[in-house]
Amino acid sequence: MKNFTLYLAMFACLLASKLSAQETFEVRAKAIAEKIENITREEKALLKSDLEDVNKELESGIITKQVADEKKLKLAETRAKNIETRIALIQVELKELVQEKVDGKMNESPSGKSFGTTIVLGGGSDDSIHSREINITSMKVYENNKEKQARLSKRTTSQFVFAAGLNNLITNASVANSDFKYWGSHFYEWGFTYNTRLLKNDNLLHLKYGMSLMYNNLRPTDNRVFVVNGNQTNLETSAINLDDSRFRNVFLTVPLHLEFDFTKAKIKDGKKTFKTHKSVRLGIGGYAGLRVKSKQKLSFDDNGNEYNTKEKGDFNVNDFIYGVSTYIGYEQTSLYLKYDLNPLFSDNAIKQNNVSLGIRFDFN
């Protein structure tokens, strides 16, 4: 993996060196942002088309429901990997470009006049007077402040979403005396969403929808590992003294929330404008999706040597996931809670449902 990352970095440096000396930082940054947006849009469209083809085969009787489900899972996994791989390459290119900016190599245009570009992490300022803004977290480029205000006031806007926090399983309606470490078990999620104002002249109600990758990690207590016994997946004590035991499940999901945004409308030049993510927000909804992969990672020492093993498989984990989620916060930051309505393992005698609590960022 390290060699692959190094290769990507070398490739990015080579690509940057071949760019025209007359090409400005702003032009290149905008192109990179557009690449990331296009990648996500393309893969989502391709996945939708692929799933429609499978549904047609199922409806016509060419394949069984079991075969259709297997094909859908494989297609979702392929598209998710494509997104990760393609965006990883673009992110290296973006990192190199930002470093050039920081080093002062691209401060001016070919004519020697500054464009007044600002690189922003987070929401930025509504009162910025620079001519162009590169917002790294939301992956957007605004040519000038007028264009920024116009885009942020549209009825439908887009956000890059990232969330992280604690993860565990609920057993018998409780997480007390859990089999998993409370602080060692965690989740993180990233994706893209659209936010549409439902009422023409009121800013309260919004429909928020998109696509996310969820990574749910569990770290068992008492030196235990997951062992598959037929259709049962049980926690058993390891014969080896483990330094770390981690079980990860990755899901490609479609979240849907009804969002209450208490951002007040503003009157400017006699025109009423609406913006989002400027005040208290509350989201209520849920998600549904497909399992992309499951993996168990073990770390241990043997005679002074460190070993890391990875075991991939389905572990009898449900291929489909659906649940409820909610968040409440201010501006771009909120407290985030999600709960799977179906159990993690499909046929285990004791039903255990995944629950996550953390911090969520909606970069507008």
# chains A, B, ... in the order shown; residues from 1 in each chain; ligands from 1
>>> residues_around(residues="Gly329 in chain A", least_positions_apart="5", cutoff="6 Å", atoms="only C-alpha atoms", output="list in words")
Val280, Arg281, Ser334 and Leu335 of chain A
>>> write_last_selection(atoms="N, CA and C atoms", output="CSV table (one decimal), in the first residue's frame")
chain,number,residue,atom,x,y,z
A,280,VAL,N,-29.4,26.7,13.5
A,280,VAL,CA,-29.7,25.4,14.0
A,280,VAL,C,-30.4,24.5,13.0
A,281,ARG,N,-30.0,23.3,12.9
A,281,ARG,CA,-30.5,22.3,12.0
A,281,ARG,C,-30.9,21.0,12.7
A,334,SER,N,-22.9,18.9,13.6
A,334,SER,CA,-24.1,18.4,14.4
A,334,SER,C,-23.7,17.1,15.1
A,335,LEU,N,-24.5,16.7,16.1
A,335,LEU,CA,-24.5,15.5,16.8
A,335,LEU,C,-25.3,14.5,15.9
>>> residues_around(residues="Leu218 in chain A", least_positions_apart="3", cutoff="10 Å", atoms="only C-alpha atoms", output="PyMOL selection string")
chain A and resi 166-169+179-187+221+245-249+296+354
>>> write_last_selection(atoms="N, CA and C atoms", output="CSV table (one decimal), in the first residue's frame")
chain,number,residue,atom,x,y,z
A,166,LEU,N,-18.3,6.9,17.8
A,166,LEU,CA,-18.3,5.6,18.5
A,166,LEU,C,-19.3,4.6,17.8
A,167,ASN,N,-19.0,3.3,17.9
A,167,ASN,CA,-19.8,2.3,17.3
A,167,ASN,C,-19.9,1.1,18.2
A,168,ASN,N,-21.1,0.4,18.2
A,168,ASN,CA,-21.3,-0.7,19.1
A,168,ASN,C,-22.5,-1.5,18.6
A,169,LEU,N,-22.7,-2.6,19.3
A,169,LEU,CA,-23.9,-3.4,19.0
A,169,LEU,C,-24.9,-3.4,20.2
A,179,ASP,N,-19.9,-6.6,24.6
A,179,ASP,CA,-18.7,-7.5,24.2
A,179,ASP,C,-17.7,-6.8,23.4
A,180,PHE,N,-17.9,-5.4,23.2
A,180,PHE,CA,-16.9,-4.7,22.4
A,180,PHE,C,-16.5,-3.4,23.1
A,181,LYS,N,-15.3,-3.0,22.9
A,181,LYS,CA,-14.7,-1.9,23.5
A,181,LYS,C,-15.5,-0.6,23.2
A,182,TYR,N,-15.8,0.2,24.2
A,182,TYR,CA,-16.6,1.4,23.9
A,182,TYR,C,-15.8,2.4,23.2
A,183,TRP,N,-14.6,2.7,23.6
A,183,TRP,CA,-13.8,3.7,23.0
A,183,TRP,C,-13.0,3.2,21.8
A,184,GLY,N,-12.7,1.9,21.7
A,184,GLY,CA,-12.0,1.3,20.6
A,184,GLY,C,-12.8,1.0,19.4
A,185,SER,N,-14.1,0.9,19.6
A,185,SER,CA,-15.0,0.6,18.4
A,185,SER,C,-15.5,1.9,17.9
A,186,HIS,N,-15.4,2.1,16.6
A,186,HIS,CA,-15.7,3.4,16.0
A,186,HIS,C,-16.3,3.2,14.6
A,187,PHE,N,-16.9,4.3,14.1
A,187,PHE,CA,-17.4,4.4,12.8
A,187,PHE,C,-16.9,5.6,12.1
A,221,THR,N,-13.8,-7.5,23.3
A,221,THR,CA,-13.0,-7.5,24.5
A,221,THR,C,-12.5,-8.9,24.8
A,245,SER,N,-7.8,-6.8,17.9
A,245,SER,CA,-8.8,-7.6,17.1
A,245,SER,C,-9.9,-6.6,16.7
A,246,ARG,N,-10.0,-6.5,15.4
A,246,ARG,CA,-11.0,-5.5,14.8
A,246,ARG,C,-11.8,-6.2,13.7
A,247,PHE,N,-13.1,-5.9,13.7
A,247,PHE,CA,-14.0,-6.4,12.7
A,247,PHE,C,-14.7,-5.2,12.0
A,248,ARG,N,-14.5,-5.1,10.7
A,248,ARG,CA,-15.0,-4.0,9.9
A,248,ARG,C,-16.0,-4.4,8.9
A,249,ASN,N,-17.1,-3.6,8.8
A,249,ASN,CA,-18.1,-3.8,7.7
A,249,ASN,C,-18.3,-2.5,7.0
A,296,GLN,N,-11.9,-9.0,9.0
A,296,GLN,CA,-11.4,-9.1,10.4
A,296,GLN,C,-9.9,-9.0,10.4
A,354,ASN,N,-26.5,-2.8,15.0
A,354,ASN,CA,-25.5,-1.8,15.1
A,354,ASN,C,-26.0,-0.4,15.4
>>> residues_around(residues="Asp340 in chain A", least_positions_apart="6", cutoff="10 Å", atoms="only C-alpha atoms", output="list in words")
Leu169, Ile170, Gly286, Tyr287, Ala288, Ile321, Tyr322, Gly323, Val324, Ser325, Gln352, Asn353, Asn354, Val355 and Ser356 of chain A
>>> residues_around(residues="Gln332 in chain A", least_positions_apart="6", cutoff="7 Å", atoms="only C-alpha atoms", output="list in words")
His277, Phe361, Asp362 and Phe363 of chain A
>>> closest_atom_pairs(of="range 258-364 of chain A", to="range 226-242 of chain A", cutoff="10 Å", atoms="only C-alpha atoms", output="tab-separated table")
residue	atom	partner	partner_atom	distance
A:Gln296	CA	A:Phe226	CA	7.8
A:Leu298	CA	A:Leu242	CA	7.0
A:Ser299	CA	A:Leu242	CA	5.9
A:Phe300	CA	A:Leu242	CA	4.7
A:Asp301	CA	A:Leu242	CA	7.5
A:Asp302	CA	A:Ile240	CA	9.0
A:Tyr307	CA	A:Leu242	CA	9.9
A:Gly313	CA	A:Val228	CA	9.9
A:Asp314	CA	A:Val228	CA	9.6
A:Phe315	CA	A:Val228	CA	6.2
A:Asn316	CA	A:Asn231	CA	6.4
A:Val317	CA	A:Thr233	CA	8.6
A:Phe345	CA	A:Thr233	CA	7.3
A:Ser346	CA	A:Asn231	CA	8.2
A:Asp347	CA	A:Asn231	CA	6.1
A:Asn348	CA	A:Gln232	CA	5.1
A:Ala349	CA	A:Gln232	CA	7.6
A:Ile350	CA	A:Gln232	CA	9.7
>>> write_last_selection(atoms="N, CA and C atoms", output="PDB file, in the first residue's frame")
ATOM      1  N   GLN A 296     -11.924  -9.040   9.018  1.00  0.00           N
ATOM      2  CA  GLN A 296     -11.423  -9.134  10.392  1.00  0.00           C
ATOM      3  C   GLN A 296      -9.909  -9.002  10.377  1.00  0.00           C
ATOM      4  N   LEU A 298      -6.363  -8.982  12.712  1.00  0.00           N
ATOM      5  CA  LEU A 298      -5.770  -9.394  13.977  1.00  0.00           C
ATOM      6  C   LEU A 298      -4.302  -8.994  14.007  1.00  0.00           C
ATOM      7  N   SER A 299      -3.843  -8.514  15.172  1.00  0.00           N
ATOM      8  CA  SER A 299      -2.442  -8.154  15.367  1.00  0.00           C
ATOM      9  C   SER A 299      -1.926  -8.871  16.612  1.00  0.00           C
ATOM     10  N   PHE A 300      -0.715  -9.455  16.496  1.00  0.00           N
ATOM     11  CA  PHE A 300      -0.147 -10.171  17.639  1.00  0.00           C
ATOM     12  C   PHE A 300       1.370 -10.268  17.488  1.00  0.00           C
ATOM     13  N   ASP A 301       2.024 -10.563  18.615  1.00  0.00           N
ATOM     14  CA  ASP A 301       3.474 -10.755  18.647  1.00  0.00           C
ATOM     15  C   ASP A 301       3.784 -12.233  18.825  1.00  0.00           C
ATOM     16  N   ASP A 302       4.846 -12.692  18.151  1.00  0.00           N
ATOM     17  CA  ASP A 302       5.295 -14.074  18.287  1.00  0.00           C
ATOM     18  C   ASP A 302       6.822 -14.088  18.288  1.00  0.00           C
ATOM     19  N   TYR A 307       2.962  -9.518  13.830  1.00  0.00           N
ATOM     20  CA  TYR A 307       2.202 -10.071  12.714  1.00  0.00           C
ATOM     21  C   TYR A 307       0.841  -9.384  12.618  1.00  0.00           C
ATOM     22  N   GLY A 313     -14.473 -12.131   4.096  1.00  0.00           N
ATOM     23  CA  GLY A 313     -15.579 -13.046   3.863  1.00  0.00           C
ATOM     24  C   GLY A 313     -16.882 -12.360   4.190  1.00  0.00           C
ATOM     25  N   ASP A 314     -17.977 -13.125   4.151  1.00  0.00           N
ATOM     26  CA  ASP A 314     -19.250 -12.481   4.483  1.00  0.00           C
ATOM     27  C   ASP A 314     -19.580 -12.584   5.971  1.00  0.00           C
ATOM     28  N   PHE A 315     -18.956 -13.536   6.701  1.00  0.00           N
ATOM     29  CA  PHE A 315     -19.156 -13.692   8.140  1.00  0.00           C
ATOM     30  C   PHE A 315     -20.639 -13.767   8.516  1.00  0.00           C
ATOM     31  N   ASN A 316     -21.468 -14.176   7.561  1.00  0.00           N
ATOM     32  CA  ASN A 316     -22.923 -14.235   7.775  1.00  0.00           C
ATOM     33  C   ASN A 316     -23.536 -12.867   8.059  1.00  0.00           C
ATOM     34  N   VAL A 317     -22.837 -11.811   7.668  1.00  0.00           N
ATOM     35  CA  VAL A 317     -23.372 -10.464   7.843  1.00  0.00           C
ATOM     36  C   VAL A 317     -24.470 -10.214   6.812  1.00  0.00           C
ATOM     37  N   PHE A 345     -25.868  -9.757  11.978  1.00  0.00           N
ATOM     38  CA  PHE A 345     -25.729 -11.111  11.448  1.00  0.00           C
ATOM     39  C   PHE A 345     -27.104 -11.665  11.081  1.00  0.00           C
ATOM     40  N   SER A 346     -27.190 -12.296   9.931  1.00  0.00           N
ATOM     41  CA  SER A 346     -28.489 -12.673   9.374  1.00  0.00           C
ATOM     42  C   SER A 346     -29.203 -13.768  10.145  1.00  0.00           C
ATOM     43  N   ASP A 347     -28.452 -14.757  10.693  1.00  0.00           N
ATOM     44  CA  ASP A 347     -29.117 -15.919  11.289  1.00  0.00           C
ATOM     45  C   ASP A 347     -28.685 -16.217  12.716  1.00  0.00           C
ATOM     46  N   ASN A 348     -27.965 -15.318  13.351  1.00  0.00           N
ATOM     47  CA  ASN A 348     -27.544 -15.588  14.728  1.00  0.00           C
ATOM     48  C   ASN A 348     -28.734 -15.740  15.666  1.00  0.00           C
ATOM     49  N   ALA A 349     -28.590 -16.626  16.649  1.00  0.00           N
ATOM     50  CA  ALA A 349     -29.667 -16.872  17.598  1.00  0.00           C
ATOM     51  C   ALA A 349     -29.981 -15.606  18.401  1.00  0.00           C
ATOM     52  N   ILE A 350     -28.926 -14.865  18.775  1.00  0.00           N
ATOM     53  CA  ILE A 350     -29.112 -13.603  19.494  1.00  0.00           C
ATOM     54  C   ILE A 350     -28.992 -12.455  18.498  1.00  0.00           C
TER      55      ILE A 350
END
>>> closest_residue(among="A:Glu77, A:Glu259, A:Glu57, A:Glu42", to="Tyr209 in chain A", atoms="only C-alpha atoms")
A:Glu259
>>> residues_around(residues="Leu205 in chain A", least_positions_apart="6", cutoff="12 Å", atoms="only C-alpha atoms", output="list in words")
Arg155, Asn195, Thr196, Arg197, Leu198, Leu199, His257, Leu258, Glu259, Phe260, Asp261, Phe262, Thr263, Phe274, Thr276, Arg281, Leu282, Gly283 and Ile284 of chain A
>>> write_last_selection(atoms="N, CA and C atoms", output="PDB file, in the first residue's frame")
ATOM      1  N   ARG A 155     -32.335  26.784  -4.657  1.00  0.00           N
ATOM      2  CA  ARG A 155     -33.291  25.929  -3.951  1.00  0.00           C
ATOM      3  C   ARG A 155     -32.690  24.561  -3.647  1.00  0.00           C
ATOM      4  N   ASN A 195     -29.473  18.989  -1.021  1.00  0.00           N
ATOM      5  CA  ASN A 195     -30.415  19.562  -0.069  1.00  0.00           C
ATOM      6  C   ASN A 195     -31.390  20.441  -0.844  1.00  0.00           C
ATOM      7  N   THR A 196     -32.659  20.041  -0.873  1.00  0.00           N
ATOM      8  CA  THR A 196     -33.678  20.764  -1.634  1.00  0.00           C
ATOM      9  C   THR A 196     -34.706  21.401  -0.708  1.00  0.00           C
ATOM     10  N   ARG A 197     -34.888  22.709  -0.844  1.00  0.00           N
ATOM     11  CA  ARG A 197     -35.911  23.418  -0.080  1.00  0.00           C
ATOM     12  C   ARG A 197     -37.284  23.026  -0.607  1.00  0.00           C
ATOM     13  N   LEU A 198     -38.151  22.548   0.295  1.00  0.00           N
ATOM     14  CA  LEU A 198     -39.441  22.013  -0.138  1.00  0.00           C
ATOM     15  C   LEU A 198     -40.469  23.098  -0.434  1.00  0.00           C
ATOM     16  N   LEU A 199     -40.426  24.204   0.301  1.00  0.00           N
ATOM     17  CA  LEU A 199     -41.396  25.274   0.103  1.00  0.00           C
ATOM     18  C   LEU A 199     -40.733  26.447  -0.601  1.00  0.00           C
ATOM     19  N   HIS A 257     -33.212  12.270   4.555  1.00  0.00           N
ATOM     20  CA  HIS A 257     -33.627  12.962   5.777  1.00  0.00           C
ATOM     21  C   HIS A 257     -34.570  14.120   5.444  1.00  0.00           C
ATOM     22  N   LEU A 258     -35.519  14.335   6.338  1.00  0.00           N
ATOM     23  CA  LEU A 258     -36.295  15.573   6.334  1.00  0.00           C
ATOM     24  C   LEU A 258     -35.551  16.517   7.274  1.00  0.00           C
ATOM     25  N   GLU A 259     -35.053  17.620   6.732  1.00  0.00           N
ATOM     26  CA  GLU A 259     -34.232  18.530   7.525  1.00  0.00           C
ATOM     27  C   GLU A 259     -34.994  19.810   7.845  1.00  0.00           C
ATOM     28  N   PHE A 260     -34.947  20.195   9.123  1.00  0.00           N
ATOM     29  CA  PHE A 260     -35.519  21.465   9.578  1.00  0.00           C
ATOM     30  C   PHE A 260     -34.359  22.445   9.740  1.00  0.00           C
ATOM     31  N   ASP A 261     -34.331  23.460   8.904  1.00  0.00           N
ATOM     32  CA  ASP A 261     -33.253  24.447   8.931  1.00  0.00           C
ATOM     33  C   ASP A 261     -33.842  25.786   9.387  1.00  0.00           C
ATOM     34  N   PHE A 262     -33.326  26.289  10.515  1.00  0.00           N
ATOM     35  CA  PHE A 262     -33.883  27.517  11.099  1.00  0.00           C
ATOM     36  C   PHE A 262     -33.115  28.768  10.654  1.00  0.00           C
ATOM     37  N   THR A 263     -32.367  28.646   9.556  1.00  0.00           N
ATOM     38  CA  THR A 263     -31.706  29.815   8.981  1.00  0.00           C
ATOM     39  C   THR A 263     -32.755  30.800   8.468  1.00  0.00           C
ATOM     40  N   PHE A 274     -32.748  32.760   0.356  1.00  0.00           N
ATOM     41  CA  PHE A 274     -32.672  31.710   1.367  1.00  0.00           C
ATOM     42  C   PHE A 274     -31.313  31.028   1.282  1.00  0.00           C
ATOM     43  N   THR A 276     -28.733  27.974   3.548  1.00  0.00           N
ATOM     44  CA  THR A 276     -28.814  26.846   4.475  1.00  0.00           C
ATOM     45  C   THR A 276     -27.538  26.765   5.298  1.00  0.00           C
ATOM     46  N   ARG A 281     -29.955  23.257  12.913  1.00  0.00           N
ATOM     47  CA  ARG A 281     -30.533  22.304  11.950  1.00  0.00           C
ATOM     48  C   ARG A 281     -30.883  21.001  12.668  1.00  0.00           C
ATOM     49  N   LEU A 282     -31.974  20.380  12.219  1.00  0.00           N
ATOM     50  CA  LEU A 282     -32.410  19.093  12.756  1.00  0.00           C
ATOM     51  C   LEU A 282     -32.817  18.201  11.592  1.00  0.00           C
ATOM     52  N   GLY A 283     -32.241  17.001  11.547  1.00  0.00           N
ATOM     53  CA  GLY A 283     -32.574  16.055  10.487  1.00  0.00           C
ATOM     54  C   GLY A 283     -33.149  14.775  11.058  1.00  0.00           C
ATOM     55  N   ILE A 284     -34.221  14.270  10.445  1.00  0.00           N
ATOM     56  CA  ILE A 284     -34.857  13.019  10.861  1.00  0.00           C
ATOM     57  C   ILE A 284     -35.090  12.177   9.608  1.00  0.00           C
TER      58      ILE A 284
END
>>> residues_around(residues="Asp202 in chain A", least_positions_apart="6", cutoff="10 Å", atoms="only C-alpha atoms", output="MDAnalysis selection string")
chainID A and resid 264:265 273:274
>>> write_last_selection(atoms="C-alpha atoms", output="compact mmCIF listing (two decimals), in the first residue's frame")
# COMPACT_ATOMS: atom_id res chain seq x y z
CA LYS A 264 -33.65 33.04 8.48
CA ALA A 265 -34.31 34.47 5.05
CA THR A 273 -33.03 35.00 -0.49
CA PHE A 274 -32.67 31.71 1.37
>>> select_by_dssp(residues="range 148-234 of chain A", states="alpha helix (DSSP H)", output="VMD selection string")
chain A and resid 148 to 152
>>> write_last_selection(atoms="N, CA and C atoms", output="PDB file, in the first residue's frame")
ATOM      1  N   LYS A 148     -20.793  32.971  -5.694  1.00  0.00           N
ATOM      2  CA  LYS A 148     -20.922  32.174  -4.472  1.00  0.00           C
ATOM      3  C   LYS A 148     -22.277  32.401  -3.824  1.00  0.00           C
ATOM      4  N   GLN A 149     -22.665  33.648  -3.672  1.00  0.00           N
ATOM      5  CA  GLN A 149     -23.940  33.962  -3.023  1.00  0.00           C
ATOM      6  C   GLN A 149     -25.118  33.414  -3.827  1.00  0.00           C
ATOM      7  N   ALA A 150     -25.005  33.475  -5.147  1.00  0.00           N
ATOM      8  CA  ALA A 150     -26.083  32.974  -6.008  1.00  0.00           C
ATOM      9  C   ALA A 150     -26.230  31.462  -5.868  1.00  0.00           C
ATOM     10  N   ARG A 151     -25.104  30.755  -5.848  1.00  0.00           N
ATOM     11  CA  ARG A 151     -25.145  29.295  -5.754  1.00  0.00           C
ATOM     12  C   ARG A 151     -25.623  28.830  -4.388  1.00  0.00           C
ATOM     13  N   LEU A 152     -25.210  29.538  -3.323  1.00  0.00           N
ATOM     14  CA  LEU A 152     -25.631  29.166  -1.976  1.00  0.00           C
ATOM     15  C   LEU A 152     -27.089  29.490  -1.719  1.00  0.00           C
TER      16      LEU A 152
END
